[in-house]
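Q: I'm passing along target22.cif; it holds mmCIF, N, CA and C atoms.
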```
data_target
#
loop_
_atom_site.label_atom_id
_atom_site.label_comp_id
_atom_site.auth_asym_id
_atom_site.auth_seq_id
_atom_site.Cartn_x
_atom_site.Cartn_y
_atom_site.Cartn_z
N MET A 1 -10.71 -4.33 -1.36
CA MET A 1 -9.74 -5.25 -0.75
C MET A 1 -10.48 -6.49 -0.24
N ASP A 2 -9.92 -7.67 -0.53
CA ASP A 2 -10.67 -8.86 -0.15
C ASP A 2 -10.70 -9.02 1.38
N LEU A 3 -11.66 -9.83 1.82
CA LEU A 3 -11.95 -9.89 3.25
C LEU A 3 -10.78 -10.45 4.06
N GLU A 4 -10.08 -11.41 3.47
CA GLU A 4 -8.96 -12.02 4.17
C GLU A 4 -7.86 -10.98 4.42
N ASN A 5 -7.59 -10.17 3.40
CA ASN A 5 -6.55 -9.13 3.56
C ASN A 5 -6.98 -8.06 4.55
N GLN A 6 -8.26 -7.72 4.55
CA GLN A 6 -8.75 -6.76 5.56
C GLN A 6 -8.49 -7.29 6.96
N ASN A 7 -8.75 -8.59 7.13
CA ASN A 7 -8.55 -9.20 8.43
C ASN A 7 -7.07 -9.17 8.84
N ARG A 8 -6.19 -9.43 7.86
CA ARG A 8 -4.74 -9.37 8.12
C ARG A 8 -4.33 -7.96 8.55
N VAL A 9 -4.83 -6.96 7.83
CA VAL A 9 -4.48 -5.57 8.16
C VAL A 9 -4.92 -5.25 9.58
N LYS A 10 -6.12 -5.65 9.92
CA LYS A 10 -6.67 -5.35 11.24
C LYS A 10 -5.84 -6.03 12.34
N THR A 11 -5.58 -7.32 12.17
CA THR A 11 -4.86 -8.08 13.19
C THR A 11 -3.42 -7.58 13.36
N LEU A 12 -2.73 -7.33 12.23
CA LEU A 12 -1.33 -6.90 12.32
C LEU A 12 -1.23 -5.48 12.88
N THR A 13 -2.22 -4.64 12.61
CA THR A 13 -2.22 -3.29 13.17
C THR A 13 -2.40 -3.34 14.69
N GLU A 14 -3.27 -4.24 15.15
CA GLU A 14 -3.45 -4.39 16.59
C GLU A 14 -2.16 -4.90 17.24
N LYS A 15 -1.44 -5.75 16.52
CA LYS A 15 -0.21 -6.35 17.07
C LYS A 15 0.95 -5.34 17.12
N HIS A 16 1.13 -4.58 16.04
CA HIS A 16 2.32 -3.73 15.92
C HIS A 16 2.07 -2.26 16.28
N GLY A 17 0.81 -1.83 16.32
CA GLY A 17 0.51 -0.43 16.60
C GLY A 17 0.36 0.35 15.30
N ALA A 18 -0.75 1.09 15.18
CA ALA A 18 -1.09 1.77 13.92
C ALA A 18 0.00 2.75 13.49
N GLU A 19 0.67 3.39 14.47
CA GLU A 19 1.67 4.40 14.10
C GLU A 19 2.91 3.77 13.45
N ASN A 20 3.09 2.46 13.61
CA ASN A 20 4.27 1.78 13.05
C ASN A 20 3.99 1.13 11.70
N MET A 21 2.75 1.20 11.25
CA MET A 21 2.37 0.47 10.03
C MET A 21 2.53 1.33 8.79
N LEU A 22 2.81 0.65 7.67
CA LEU A 22 2.79 1.28 6.36
C LEU A 22 2.15 0.28 5.40
N ILE A 23 1.13 0.73 4.71
CA ILE A 23 0.47 -0.14 3.72
C ILE A 23 0.97 0.27 2.34
N LEU A 24 1.41 -0.72 1.58
CA LEU A 24 1.95 -0.45 0.25
C LEU A 24 1.08 -1.16 -0.79
N LEU A 25 0.59 -0.40 -1.75
CA LEU A 25 -0.35 -0.94 -2.73
C LEU A 25 0.29 -1.05 -4.11
N GLY A 26 -0.22 -2.00 -4.90
CA GLY A 26 0.28 -2.15 -6.27
C GLY A 26 -0.84 -2.13 -7.28
N ALA A 27 -2.00 -1.60 -6.90
CA ALA A 27 -3.20 -1.66 -7.74
C ALA A 27 -2.94 -1.08 -9.13
N ALA A 28 -3.60 -1.68 -10.14
CA ALA A 28 -3.36 -1.29 -11.53
C ALA A 28 -4.04 0.03 -11.89
N GLU A 29 -5.11 0.38 -11.19
CA GLU A 29 -5.85 1.59 -11.54
C GLU A 29 -6.02 2.50 -10.34
N ALA A 30 -6.15 3.79 -10.64
CA ALA A 30 -6.29 4.78 -9.57
C ALA A 30 -7.51 4.48 -8.71
N GLU A 31 -8.60 4.06 -9.36
CA GLU A 31 -9.84 3.82 -8.62
C GLU A 31 -9.67 2.68 -7.61
N SER A 32 -9.06 1.57 -8.06
CA SER A 32 -8.90 0.44 -7.13
C SER A 32 -7.87 0.78 -6.04
N ALA A 33 -6.84 1.57 -6.39
CA ALA A 33 -5.88 2.02 -5.38
C ALA A 33 -6.60 2.86 -4.33
N GLY A 34 -7.47 3.75 -4.79
CA GLY A 34 -8.20 4.62 -3.88
C GLY A 34 -9.11 3.84 -2.95
N LEU A 35 -9.78 2.82 -3.50
CA LEU A 35 -10.67 2.00 -2.67
C LEU A 35 -9.89 1.26 -1.59
N ALA A 36 -8.74 0.71 -1.97
CA ALA A 36 -7.92 -0.01 -0.99
C ALA A 36 -7.37 0.97 0.06
N ALA A 37 -6.95 2.14 -0.40
CA ALA A 37 -6.41 3.14 0.53
C ALA A 37 -7.51 3.62 1.49
N GLU A 38 -8.71 3.80 0.96
CA GLU A 38 -9.82 4.22 1.83
C GLU A 38 -10.13 3.13 2.86
N THR A 39 -10.03 1.88 2.43
CA THR A 39 -10.33 0.77 3.35
C THR A 39 -9.41 0.77 4.56
N VAL A 40 -8.11 1.05 4.37
CA VAL A 40 -7.17 1.00 5.50
C VAL A 40 -7.07 2.32 6.26
N THR A 41 -7.83 3.32 5.83
CA THR A 41 -7.81 4.60 6.54
C THR A 41 -9.17 4.90 7.18
N ASN A 42 -10.20 4.91 6.31
CA ASN A 42 -11.53 5.30 6.79
C ASN A 42 -12.45 4.10 7.03
N GLY A 43 -12.00 2.89 6.67
CA GLY A 43 -12.84 1.71 6.80
C GLY A 43 -13.35 1.23 5.46
N ASP A 44 -13.84 0.01 5.42
CA ASP A 44 -14.31 -0.63 4.18
C ASP A 44 -15.53 0.12 3.63
N PRO A 45 -15.39 0.77 2.44
CA PRO A 45 -16.52 1.54 1.90
C PRO A 45 -17.69 0.67 1.47
N THR A 46 -17.46 -0.62 1.30
CA THR A 46 -18.56 -1.51 0.92
C THR A 46 -19.26 -2.10 2.17
N PHE A 47 -18.72 -1.83 3.33
CA PHE A 47 -19.28 -2.32 4.60
C PHE A 47 -19.45 -3.83 4.62
N ALA A 48 -18.55 -4.55 3.92
CA ALA A 48 -18.68 -6.00 3.83
C ALA A 48 -17.65 -6.72 4.71
N GLY A 49 -16.51 -6.09 4.95
CA GLY A 49 -15.41 -6.81 5.59
C GLY A 49 -15.14 -6.41 7.02
N PRO A 50 -14.09 -7.02 7.61
CA PRO A 50 -13.73 -6.75 9.00
C PRO A 50 -13.39 -5.28 9.27
N LEU A 51 -13.04 -4.51 8.23
CA LEU A 51 -12.69 -3.11 8.46
C LEU A 51 -13.87 -2.15 8.26
N ALA A 52 -15.06 -2.69 8.06
CA ALA A 52 -16.25 -1.83 7.95
C ALA A 52 -16.40 -1.01 9.22
N GLY A 53 -16.43 0.30 9.09
CA GLY A 53 -16.61 1.17 10.25
C GLY A 53 -15.38 1.29 11.13
N VAL A 54 -14.24 0.71 10.70
CA VAL A 54 -13.01 0.76 11.50
C VAL A 54 -12.07 1.78 10.85
N GLN A 55 -11.87 2.92 11.53
CA GLN A 55 -11.05 4.00 10.94
C GLN A 55 -9.62 3.92 11.46
N LEU A 56 -8.82 3.08 10.78
CA LEU A 56 -7.44 2.87 11.24
C LEU A 56 -6.55 4.07 10.94
N GLY A 57 -6.84 4.80 9.88
CA GLY A 57 -6.06 6.00 9.53
C GLY A 57 -4.61 5.70 9.18
N LEU A 58 -4.34 4.49 8.67
CA LEU A 58 -2.95 4.07 8.44
C LEU A 58 -2.27 4.86 7.33
N LYS A 59 -0.95 4.92 7.44
CA LYS A 59 -0.15 5.54 6.38
C LYS A 59 -0.17 4.59 5.18
N VAL A 60 -0.53 5.10 4.01
CA VAL A 60 -0.67 4.22 2.85
C VAL A 60 -0.11 4.88 1.60
N TYR A 61 0.69 4.11 0.86
CA TYR A 61 1.29 4.61 -0.38
C TYR A 61 1.15 3.58 -1.49
N HIS A 62 1.19 4.07 -2.73
CA HIS A 62 1.24 3.19 -3.90
C HIS A 62 2.70 3.10 -4.35
N ALA A 63 3.06 1.95 -4.93
CA ALA A 63 4.46 1.71 -5.30
C ALA A 63 4.98 2.68 -6.37
N VAL A 64 4.10 3.30 -7.15
CA VAL A 64 4.60 4.24 -8.17
C VAL A 64 4.70 5.68 -7.65
N GLU A 65 4.35 5.91 -6.39
CA GLU A 65 4.44 7.28 -5.85
C GLU A 65 5.90 7.65 -5.57
N PRO A 66 6.25 8.92 -5.81
CA PRO A 66 7.65 9.34 -5.64
C PRO A 66 8.19 9.13 -4.23
N GLU A 67 7.32 9.23 -3.21
CA GLU A 67 7.77 9.04 -1.82
C GLU A 67 8.37 7.65 -1.62
N PHE A 68 7.72 6.64 -2.24
CA PHE A 68 8.24 5.27 -2.13
C PHE A 68 9.46 5.09 -3.03
N LYS A 69 9.35 5.57 -4.24
CA LYS A 69 10.44 5.41 -5.21
C LYS A 69 11.75 5.99 -4.66
N ASP A 70 11.65 7.17 -4.03
CA ASP A 70 12.83 7.84 -3.51
C ASP A 70 13.41 7.16 -2.27
N ALA A 71 12.62 6.28 -1.64
CA ALA A 71 13.06 5.66 -0.39
C ALA A 71 13.76 4.32 -0.61
N VAL A 72 13.75 3.82 -1.85
CA VAL A 72 14.35 2.50 -2.11
C VAL A 72 15.51 2.63 -3.11
N ASN A 73 16.26 1.53 -3.23
CA ASN A 73 17.39 1.48 -4.15
C ASN A 73 16.90 1.69 -5.60
N PRO A 74 17.40 2.73 -6.30
CA PRO A 74 16.88 3.04 -7.63
C PRO A 74 17.11 1.93 -8.66
N ASP A 75 18.20 1.18 -8.54
CA ASP A 75 18.46 0.08 -9.49
C ASP A 75 17.43 -1.03 -9.32
N VAL A 76 17.16 -1.37 -8.05
CA VAL A 76 16.17 -2.42 -7.78
C VAL A 76 14.79 -1.96 -8.22
N TYR A 77 14.48 -0.68 -7.97
CA TYR A 77 13.18 -0.14 -8.37
C TYR A 77 12.99 -0.25 -9.88
N ASP A 78 14.00 0.17 -10.63
CA ASP A 78 13.90 0.11 -12.09
C ASP A 78 13.70 -1.32 -12.57
N GLU A 79 14.43 -2.24 -11.95
CA GLU A 79 14.35 -3.63 -12.37
C GLU A 79 12.98 -4.24 -12.05
N GLN A 80 12.44 -3.92 -10.88
CA GLN A 80 11.22 -4.57 -10.41
C GLN A 80 9.94 -3.84 -10.83
N ILE A 81 9.99 -2.52 -10.87
CA ILE A 81 8.76 -1.74 -11.01
C ILE A 81 8.80 -0.81 -12.24
N GLY A 82 10.01 -0.53 -12.74
CA GLY A 82 10.18 0.43 -13.83
C GLY A 82 9.25 0.21 -15.02
N MET A 83 9.10 -1.05 -15.42
CA MET A 83 8.26 -1.36 -16.59
C MET A 83 6.80 -0.97 -16.33
N MET A 84 6.28 -1.38 -15.18
CA MET A 84 4.87 -1.08 -14.89
C MET A 84 4.66 0.42 -14.63
N GLU A 85 5.69 1.08 -14.15
CA GLU A 85 5.60 2.52 -13.93
C GLU A 85 5.30 3.24 -15.24
N MET A 86 5.84 2.70 -16.34
CA MET A 86 5.62 3.33 -17.64
C MET A 86 4.20 3.08 -18.15
N VAL A 87 3.61 1.98 -17.73
CA VAL A 87 2.30 1.57 -18.25
C VAL A 87 1.14 2.17 -17.44
N LEU A 88 1.34 2.28 -16.13
CA LEU A 88 0.24 2.72 -15.26
C LEU A 88 0.02 4.23 -15.34
N ASP A 89 -1.18 4.65 -14.96
CA ASP A 89 -1.54 6.08 -14.91
C ASP A 89 -1.01 6.67 -13.61
N VAL A 90 0.30 6.98 -13.60
CA VAL A 90 0.96 7.41 -12.37
C VAL A 90 0.31 8.71 -11.83
N ASP A 91 0.07 9.66 -12.70
CA ASP A 91 -0.51 10.94 -12.23
C ASP A 91 -1.86 10.73 -11.56
N GLY A 92 -2.69 9.88 -12.19
CA GLY A 92 -4.01 9.60 -11.63
C GLY A 92 -3.92 8.90 -10.28
N ILE A 93 -2.98 7.95 -10.19
CA ILE A 93 -2.81 7.20 -8.94
C ILE A 93 -2.30 8.14 -7.83
N VAL A 94 -1.32 8.98 -8.15
CA VAL A 94 -0.76 9.91 -7.17
C VAL A 94 -1.84 10.86 -6.65
N GLU A 95 -2.65 11.38 -7.57
CA GLU A 95 -3.72 12.31 -7.17
C GLU A 95 -4.72 11.62 -6.24
N GLU A 96 -5.12 10.41 -6.61
CA GLU A 96 -6.09 9.66 -5.80
C GLU A 96 -5.53 9.37 -4.41
N MET A 97 -4.27 8.93 -4.36
CA MET A 97 -3.65 8.59 -3.07
C MET A 97 -3.50 9.83 -2.19
N ASN A 98 -3.10 10.94 -2.80
CA ASN A 98 -2.98 12.18 -2.03
C ASN A 98 -4.32 12.62 -1.45
N ASN A 99 -5.38 12.47 -2.26
CA ASN A 99 -6.72 12.82 -1.78
C ASN A 99 -7.11 12.00 -0.56
N ILE A 100 -6.90 10.69 -0.66
CA ILE A 100 -7.29 9.81 0.44
C ILE A 100 -6.46 10.12 1.69
N ARG A 101 -5.14 10.28 1.50
CA ARG A 101 -4.27 10.55 2.67
C ARG A 101 -4.64 11.86 3.36
N SER A 102 -4.89 12.90 2.55
CA SER A 102 -5.16 14.19 3.18
C SER A 102 -6.50 14.16 3.92
N GLU A 103 -7.40 13.31 3.46
CA GLU A 103 -8.72 13.26 4.11
C GLU A 103 -8.75 12.34 5.34
N PHE A 104 -8.07 11.17 5.22
CA PHE A 104 -8.29 10.14 6.24
C PHE A 104 -7.06 9.69 7.02
N CYS A 105 -5.84 9.99 6.54
CA CYS A 105 -4.64 9.44 7.19
C CYS A 105 -4.37 10.16 8.52
N LYS A 106 -4.08 9.40 9.58
CA LYS A 106 -3.85 10.00 10.90
C LYS A 106 -2.38 10.04 11.26
N TYR A 107 -1.49 9.43 10.45
CA TYR A 107 -0.08 9.32 10.85
C TYR A 107 0.85 9.94 9.82
N MET B 1 14.12 11.65 8.25
CA MET B 1 13.82 10.22 8.44
C MET B 1 13.09 9.67 7.22
N SER B 2 13.52 8.53 6.78
CA SER B 2 12.91 7.92 5.58
C SER B 2 11.49 7.47 5.87
N LEU B 3 10.71 7.46 4.81
CA LEU B 3 9.33 6.95 4.86
C LEU B 3 9.29 5.54 5.46
N LEU B 4 10.37 4.78 5.24
CA LEU B 4 10.34 3.35 5.56
C LEU B 4 10.97 2.98 6.89
N ASP B 5 11.73 3.89 7.51
CA ASP B 5 12.49 3.55 8.71
C ASP B 5 11.61 2.98 9.82
N GLY B 6 11.94 1.77 10.24
CA GLY B 6 11.26 1.15 11.37
C GLY B 6 9.83 0.74 11.12
N LYS B 7 9.38 0.82 9.87
CA LYS B 7 7.96 0.52 9.59
C LYS B 7 7.72 -0.98 9.43
N LYS B 8 6.55 -1.39 9.86
CA LYS B 8 6.05 -2.74 9.58
C LYS B 8 5.15 -2.59 8.35
N VAL B 9 5.53 -3.26 7.27
CA VAL B 9 4.87 -3.01 5.99
C VAL B 9 3.95 -4.17 5.60
N ILE B 10 2.74 -3.80 5.21
CA ILE B 10 1.80 -4.75 4.62
C ILE B 10 1.70 -4.42 3.14
N ILE B 11 1.99 -5.41 2.29
CA ILE B 11 1.98 -5.19 0.85
C ILE B 11 0.77 -5.87 0.23
N ILE B 12 -0.04 -5.04 -0.47
CA ILE B 12 -1.18 -5.59 -1.20
C ILE B 12 -0.89 -5.34 -2.68
N GLY B 13 -0.34 -6.35 -3.34
CA GLY B 13 -0.02 -6.22 -4.75
C GLY B 13 -1.22 -6.50 -5.63
N ASP B 14 -1.01 -6.35 -6.93
CA ASP B 14 -2.10 -6.55 -7.90
C ASP B 14 -1.51 -7.29 -9.09
N ARG B 15 -2.13 -8.39 -9.46
CA ARG B 15 -1.61 -9.20 -10.57
C ARG B 15 -1.51 -8.37 -11.86
N ASP B 16 -2.44 -7.44 -12.06
CA ASP B 16 -2.43 -6.62 -13.28
C ASP B 16 -1.69 -5.30 -13.09
N GLY B 17 -1.23 -5.04 -11.89
CA GLY B 17 -0.47 -3.82 -11.63
C GLY B 17 0.93 -4.18 -11.18
N ILE B 18 1.24 -3.90 -9.93
CA ILE B 18 2.54 -4.27 -9.38
C ILE B 18 2.36 -5.44 -8.42
N PRO B 19 2.90 -6.60 -8.76
CA PRO B 19 2.75 -7.77 -7.88
C PRO B 19 3.56 -7.61 -6.59
N ALA B 20 3.11 -8.26 -5.54
CA ALA B 20 3.75 -8.11 -4.23
C ALA B 20 5.25 -8.44 -4.24
N PRO B 21 5.69 -9.52 -4.92
CA PRO B 21 7.12 -9.86 -4.84
C PRO B 21 8.04 -8.74 -5.35
N ALA B 22 7.58 -7.94 -6.33
CA ALA B 22 8.39 -6.83 -6.84
C ALA B 22 8.61 -5.78 -5.76
N MET B 23 7.57 -5.53 -4.96
CA MET B 23 7.69 -4.54 -3.88
C MET B 23 8.53 -5.09 -2.73
N VAL B 24 8.41 -6.40 -2.49
CA VAL B 24 9.23 -7.04 -1.44
C VAL B 24 10.71 -6.87 -1.78
N GLU B 25 11.06 -7.10 -3.05
CA GLU B 25 12.46 -6.93 -3.47
C GLU B 25 12.96 -5.52 -3.18
N CYS B 26 12.10 -4.52 -3.49
CA CYS B 26 12.49 -3.12 -3.27
C CYS B 26 12.74 -2.82 -1.80
N LEU B 27 12.06 -3.54 -0.91
CA LEU B 27 12.16 -3.22 0.51
C LEU B 27 13.33 -3.93 1.20
N LYS B 28 14.00 -4.85 0.47
CA LYS B 28 15.19 -5.48 1.06
C LYS B 28 16.25 -4.41 1.25
N ASP B 29 17.01 -4.52 2.33
CA ASP B 29 18.08 -3.55 2.62
C ASP B 29 17.54 -2.15 2.91
N THR B 30 16.28 -2.03 3.30
CA THR B 30 15.77 -0.74 3.80
C THR B 30 15.48 -0.94 5.28
N GLY B 31 15.05 0.11 5.95
CA GLY B 31 14.76 0.02 7.39
C GLY B 31 13.39 -0.54 7.68
N ALA B 32 12.71 -1.06 6.65
CA ALA B 32 11.35 -1.56 6.83
C ALA B 32 11.32 -3.07 6.92
N GLU B 33 10.29 -3.58 7.63
CA GLU B 33 10.11 -5.02 7.74
C GLU B 33 8.76 -5.39 7.13
N VAL B 34 8.78 -6.30 6.16
CA VAL B 34 7.53 -6.74 5.55
C VAL B 34 6.88 -7.77 6.48
N VAL B 35 5.70 -7.45 7.01
CA VAL B 35 5.03 -8.38 7.93
C VAL B 35 3.96 -9.21 7.21
N PHE B 36 3.55 -8.79 6.02
CA PHE B 36 2.59 -9.57 5.24
C PHE B 36 2.61 -9.07 3.81
N SER B 37 2.54 -10.00 2.87
CA SER B 37 2.41 -9.57 1.47
C SER B 37 1.49 -10.53 0.74
N SER B 38 0.71 -9.96 -0.17
CA SER B 38 -0.28 -10.73 -0.91
C SER B 38 -0.53 -10.06 -2.25
N THR B 39 -0.79 -10.86 -3.27
CA THR B 39 -1.12 -10.28 -4.56
C THR B 39 -2.57 -10.58 -4.87
N GLU B 40 -3.36 -9.51 -4.99
CA GLU B 40 -4.78 -9.68 -5.27
C GLU B 40 -5.02 -9.76 -6.77
N CYS B 41 -6.14 -10.35 -7.12
CA CYS B 41 -6.55 -10.38 -8.52
C CYS B 41 -7.95 -9.78 -8.56
N PHE B 42 -8.11 -8.68 -9.27
CA PHE B 42 -9.39 -7.98 -9.24
C PHE B 42 -10.35 -8.45 -10.32
N VAL B 43 -9.90 -9.41 -11.16
CA VAL B 43 -10.75 -9.87 -12.26
C VAL B 43 -11.89 -10.72 -11.71
#
```
Would you put the structure from the file into structure tokens?
A:
Amino acid sequence: MDLENQNRVKTLTEKHGAENMLILLGAAEAESAGLAAETVTNGDPTFAGPLAGVQLGLKVYHAVEPEFKDAVNPDVYDEQIGMMEMVLDVDGIVEEMNNIRSEFCKY
Amino acid sequence: MSLLDGKKVIIIGDRDGIPAPAMVECLKDTGAEVVFSSTECFV
């Protein structure tokens, strides 16, 4: 996750409270989704950005995960995300996100 | 209770995956408020 976005996550979490936050990712690959999810839960794994060593433990989901899909209007979802859902490695992304959440998510 | 009820949402989209505006559209008319959205490019 780029440094500017890490800074935004940190500042907005301080403003709104970590328990009220939800991070939603659209990463194309399971690996990049996992890295972003790890950054907002366990801290920046590259130790380069504002979230290095900061364990926010935020709730984080990817847009192709069933938890998100089931929470929004199905017509809008199909129109906006349906095409990419067919292209992306949904199973790989779901597995990666579940791993990160079970290990680092506090909410 | 829905995953989204009362949540402040930060959207980190991906130009080669799901761009942020697509997720913003999905969150309209839900109980969530988008507080920041951005589309990253990993290339």
Q: Hey, which bits of chain A sit within 5 Å of chain B, and for each residue what's the closest pair of atoms and how far apart in Å (one decimal), counting all atoms listed in the file, rows by chain and increasing number, as JSON lines?
A:
```
{"residue": "A:Asn20", "atom": "C", "partner": "B:Lys8", "partner_atom": "N", "distance": 4.0}
{"residue": "A:Met21", "atom": "CA", "partner": "B:Lys8", "partner_atom": "C", "distance": 4.5}
{"residue": "A:Leu22", "atom": "N", "partner": "B:Lys8", "partner_atom": "C", "distance": 4.1}
{"residue": "A:Ile23", "atom": "CA", "partner": "B:Ile10", "partner_atom": "C", "distance": 4.5}
{"residue": "A:Leu24", "atom": "N", "partner": "B:Ile10", "partner_atom": "C", "distance": 4.0}
{"residue": "A:Leu25", "atom": "CA", "partner": "B:Ile12", "partner_atom": "C", "distance": 4.4}
{"residue": "A:Gly26", "atom": "C", "partner": "B:Ile18", "partner_atom": "N", "distance": 3.8}
{"residue": "A:Ala27", "atom": "C", "partner": "B:Gly17", "partner_atom": "CA", "distance": 4.5}
{"residue": "A:Ala28", "atom": "CA", "partner": "B:Gly17", "partner_atom": "CA", "distance": 3.8}
```
Q: Quick one: which residues end up in the PyMOL selection byres ((chain A and resi 88) around 8) for this structure, as a list in words?
A: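 Going through the file, the PyMOL selection byres ((chain A and resi 88) around 8) ends up selecting Ala27, Ala28, Glu29, Ala30, Met83, Met84, Glu85, Met86, Val87, Asp89, Val90, Asp91, Gly92 and Ile93 of chain A; Gly17 of chain B.
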Q: Figure out the distance between atom N of A:Phe68 and atom CA of A:Ala52, please, to one decimal in Å.
A: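 Atom N of A:Phe68 lies 27.4 Å from atom CA of A:Ala52.
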Q: Mind listing the strand (DSSP E) residues of stretch 29-90 of chain A, per DSSP on the backbone, as a list of chain:residue names?
A: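 Residues of stretch 29-90 of chain A classed as strand (DSSP E): A:Lys59, A:Val60, A:Tyr61, A:His62.
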Q: Those same residues - N, CA and C atoms - I'd like them written as a PDB file, in the frame of the given file.
A:
```pdb
ATOM      1  N   LYS A  59      -0.950   4.920   7.440  1.00  0.00           N
ATOM      2  CA  LYS A  59      -0.150   5.540   6.380  1.00  0.00           C
ATOM      3  C   LYS A  59      -0.170   4.590   5.180  1.00  0.00           C
ATOM      4  N   VAL A  60      -0.530   5.100   4.010  1.00  0.00           N
ATOM      5  CA  VAL A  60      -0.670   4.220   2.850  1.00  0.00           C
ATOM      6  C   VAL A  60      -0.110   4.880   1.600  1.00  0.00           C
ATOM      7  N   TYR A  61       0.690   4.110   0.860  1.00  0.00           N
ATOM      8  CA  TYR A  61       1.290   4.610  -0.380  1.00  0.00           C
ATOM      9  C   TYR A  61       1.150   3.580  -1.490  1.00  0.00           C
ATOM     10  N   HIS A  62       1.190   4.070  -2.730  1.00  0.00           N
ATOM     11  CA  HIS A  62       1.240   3.190  -3.900  1.00  0.00           C
ATOM     12  C   HIS A  62       2.700   3.100  -4.350  1.00  0.00           C
TER      13      HIS A  62
END
```
Q: Which of these residues is nearest to A:Tyr107, using all atoms listed in the file: A:Glu65, A:Glu19, A:Glu38, A:Glu14?
A: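 Using all atoms listed in the file, the shortest distance to A:Tyr107 belongs to A:Glu19.
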Q: Of the candidates A:Val60, A:Ala18, A:Ile100, A:Met1, which one gets nearest to A:Ser32 if we count all atoms listed in the file?
A: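 Counting all atoms listed in the file, the residue closest to A:Ser32 is A:Met1.
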Q: State, in Å with one decimal place, the distance from atom N of A:Leu51 to atom CA of A:Lys106.
A: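 Pair atom N of A:Leu51 / atom CA of A:Lys106 returns 17.4 Å.
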Q: Residues near A:Gln55, anyone? I mean within 5 Å using only N, CA and C atoms, not counting same-chain ones fewer than 3 positions away, as an NGL selection string.
A: :A and (41-43)
Q: Have a look at A:Asn73, A:Thr13, A:Asp78, A:Cys105 and name the one nearest to A:Lys59; count all atoms listed in the file.
A: A:Cys105
Q: Select, from A:Gln80, A:Ala48, A:Lys15, A:Ala71, the residue with the minimum atom-to-atom distance to A:Asp2, counting only C-alpha atoms.
A: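 Of A:Gln80, A:Ala48, A:Lys15, A:Ala71, the one nearest A:Asp2 is A:Ala48, counting only C-alpha atoms.
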Q: Give me, please, the distance in Å between atom CA of A:Asp44 and atom CA of A:Arg101, quoted to one decimal.
A: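 The value is 15.1 Å.
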Q: Counting all atoms listed in the file, which residue out of A:Glu31, A:Val9, A:Glu96, A:Phe104 sits closest to A:Leu58?
A: A:Phe104
Q: DSSP on the backbone: what in chain B comes out alpha helix (DSSP H), as a list of chain:residue names?
A: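 Secondary structure check on chain B, alpha helix (DSSP H): B:Ala20, B:Pro21, B:Ala22, B:Met23, B:Val24, B:Glu25, B:Cys26, B:Leu27.
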